[in-house]
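In what follows, a structure is listed as structure tokens, so that the remarks can point back to it.
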Amino acid sequence: QVQLVEFGGGLVQAGDSLRLSCAASGRTFSGYTMAWFRQATGKDREFVARISWSGGSTYYADSVKGRFTISRDNAKSTVYLQMDSLRPEDTAVYYCAAPPSGVSGYYMYVSPSRWAAWGQGTQVTVSS
């Protein structure tokens with residue numbers, strides 16, 4: 001099973017930028033889709049963005065489209081989430097996720113229940 005560790009959260013002001021990183025180990029990183037989710041206090045975990053194994057295909061939630069950018073470096077087994085023009089409503093714990101072992105191709109699910117491996121999360125707080 002893959003192990004995931006997120007880095008880069010913090011407290012910022014509205015309009016600022018942050019870059020989150022997620023380091024993967026335990027499985028061939030370049031072989032599978034990766035995703036970012038977030039969970040605000042008292043709310044369900046929600047999809048943010050996903051990226052194909054090659055980085056050639058990406059998909060974003062409407063709430064972050066045009067402000068967030070997902071990318072990956074397969075040589076470093078790391079996926080990134082560049083967050084620009086942050087808003088107070090972006091405040092949440094951010095998680096990276098990997099699909100179940102053995103899944104190939106572009107994994108297109110956005111429901112958290114379809115993703116098998118999770119990091120511990122990193123807190124992002126945006127003040128107004």
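In the structure tokens, the first chain shown is A, the next is B, and so on; residue numbers restart at 1 for each chain, and ligands run from 1 in the order shown.
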DSSP-assigned helix (DSSP H, G or I) members of range 17-122 of chain A, reported as a ChimeraX atom specification: /A:29-31,74-76,88-90,112-114
Give me the residues of range 95-120 of chain A that have any atom at most 6 Å from an atom of range 34-55 of chain A; for each, the nearest atom pair and the distance in Å, rounded to one decimal. Use only C-alpha atoms, sort by chain and number, and format it as a Markdown table.
| residue | atom | partner | partner_atom | distance |
| --- | --- | --- | --- | --- |
| A:Tyr95 | CA | A:Phe37 | CA | 5.2 |
| A:Cys96 | CA | A:Trp36 | CA | 4.4 |
| A:Ala97 | CA | A:Ala35 | CA | 5.2 |
| A:Ala98 | CA | A:Met34 | CA | 5.2 |
| A:Tyr106 | CA | A:Ser52 | CA | 5.6 |
| A:Val110 | CA | A:Phe47 | CA | 5.6 |
Go ahead and dump the residues you just picked, all heavy atoms, as a PDB file, in the first residue's frame.
ATOM      1  N   TYR A  95      -6.037  16.955   1.974  1.00  0.00           N
ATOM      2  CA  TYR A  95      -5.523  15.589   1.920  1.00  0.00           C
ATOM      3  C   TYR A  95      -5.164  15.219   0.482  1.00  0.00           C
ATOM      4  O   TYR A  95      -5.911  15.557  -0.441  1.00  0.00           O
ATOM      5  CB  TYR A  95      -6.576  14.598   2.392  1.00  0.00           C
ATOM      6  CG  TYR A  95      -7.073  14.790   3.800  1.00  0.00           C
ATOM      7  CD1 TYR A  95      -8.150  15.636   4.074  1.00  0.00           C
ATOM      8  CD2 TYR A  95      -6.477  14.108   4.867  1.00  0.00           C
ATOM      9  CE1 TYR A  95      -8.620  15.804   5.354  1.00  0.00           C
ATOM     10  CE2 TYR A  95      -6.948  14.268   6.162  1.00  0.00           C
ATOM     11  CZ  TYR A  95      -8.017  15.123   6.398  1.00  0.00           C
ATOM     12  OH  TYR A  95      -8.481  15.278   7.679  1.00  0.00           O
ATOM     13  N   CYS A  96      -4.082  14.485   0.314  1.00  0.00           N
ATOM     14  CA  CYS A  96      -3.853  13.858  -0.977  1.00  0.00           C
ATOM     15  C   CYS A  96      -4.327  12.413  -0.890  1.00  0.00           C
ATOM     16  O   CYS A  96      -4.411  11.833   0.202  1.00  0.00           O
ATOM     17  CB  CYS A  96      -2.398  13.953  -1.410  1.00  0.00           C
ATOM     18  SG  CYS A  96      -1.211  13.125  -0.368  1.00  0.00           S
ATOM     19  N   ALA A  97      -4.642  11.844  -2.048  1.00  0.00           N
ATOM     20  CA  ALA A  97      -5.218  10.507  -2.079  1.00  0.00           C
ATOM     21  C   ALA A  97      -4.740   9.745  -3.300  1.00  0.00           C
ATOM     22  O   ALA A  97      -4.464  10.331  -4.351  1.00  0.00           O
ATOM     23  CB  ALA A  97      -6.744  10.601  -2.092  1.00  0.00           C
ATOM     24  N   ALA A  98      -4.685   8.427  -3.135  1.00  0.00           N
ATOM     25  CA  ALA A  98      -4.317   7.532  -4.225  1.00  0.00           C
ATOM     26  C   ALA A  98      -5.418   6.478  -4.385  1.00  0.00           C
ATOM     27  O   ALA A  98      -6.096   6.128  -3.413  1.00  0.00           O
ATOM     28  CB  ALA A  98      -2.981   6.852  -3.926  1.00  0.00           C
ATOM     29  N   TYR A 106      -6.730   6.313 -16.227  1.00  0.00           N
ATOM     30  CA  TYR A 106      -7.108   7.563 -15.583  1.00  0.00           C
ATOM     31  C   TYR A 106      -8.275   7.300 -14.641  1.00  0.00           C
ATOM     32  O   TYR A 106      -9.363   6.959 -15.059  1.00  0.00           O
ATOM     33  CB  TYR A 106      -7.477   8.587 -16.643  1.00  0.00           C
ATOM     34  CG  TYR A 106      -7.676   9.994 -16.141  1.00  0.00           C
ATOM     35  CD1 TYR A 106      -7.004  10.470 -15.022  1.00  0.00           C
ATOM     36  CD2 TYR A 106      -8.538  10.870 -16.804  1.00  0.00           C
ATOM     37  CE1 TYR A 106      -7.179  11.766 -14.577  1.00  0.00           C
ATOM     38  CE2 TYR A 106      -8.709  12.175 -16.365  1.00  0.00           C
ATOM     39  CZ  TYR A 106      -8.026  12.611 -15.246  1.00  0.00           C
ATOM     40  OH  TYR A 106      -8.193  13.909 -14.809  1.00  0.00           O
ATOM     41  N   VAL A 110     -14.649  11.133  -8.139  1.00  0.00           N
ATOM     42  CA  VAL A 110     -14.501  12.299  -7.272  1.00  0.00           C
ATOM     43  C   VAL A 110     -15.023  12.029  -5.870  1.00  0.00           C
ATOM     44  O   VAL A 110     -14.837  12.843  -4.966  1.00  0.00           O
ATOM     45  CB  VAL A 110     -15.216  13.545  -7.857  1.00  0.00           C
ATOM     46  CG1 VAL A 110     -14.603  13.925  -9.189  1.00  0.00           C
ATOM     47  CG2 VAL A 110     -16.713  13.299  -7.989  1.00  0.00           C
TER      48      VAL A 110
END
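The two atoms in question, CA of Thr28 in chain A and CA of Ser111 in chain A, are spaced 23.2 Å apart.
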Shortest contact to Ser113 in chain A, candidates A:Val79, A:Thr125, A:Tyr94, A:Pro100, atoms counted only C-alpha atoms, goes to A:Pro100
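Distance annotation: of A:Ser17, A:Gln3, A:Thr91, A:Gln82, the residue with the minimal separation from Val124 in chain A is A:Thr91; atom set is only C-alpha atoms.
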Just the number, please: distance in Å from CA of Ala116 in chain A to CA of Ser30 in chain A, one decimal. 16.6 Å
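Among A:Pro88, A:Gln123, A:Tyr109, A:Ala75, the residue with the shortest atom-to-atom distance to Gly31 in chain A, counting only C-alpha atoms, is A:Ala75.
For range 64-69 of chain A, the list of residues within 7 Å, based on only C-alpha atoms and with local chain neighbours fewer than 5 positions off taken out, reads A:Leu81, A:Gln82, A:Met83, A:Asp84, A:Ser85.
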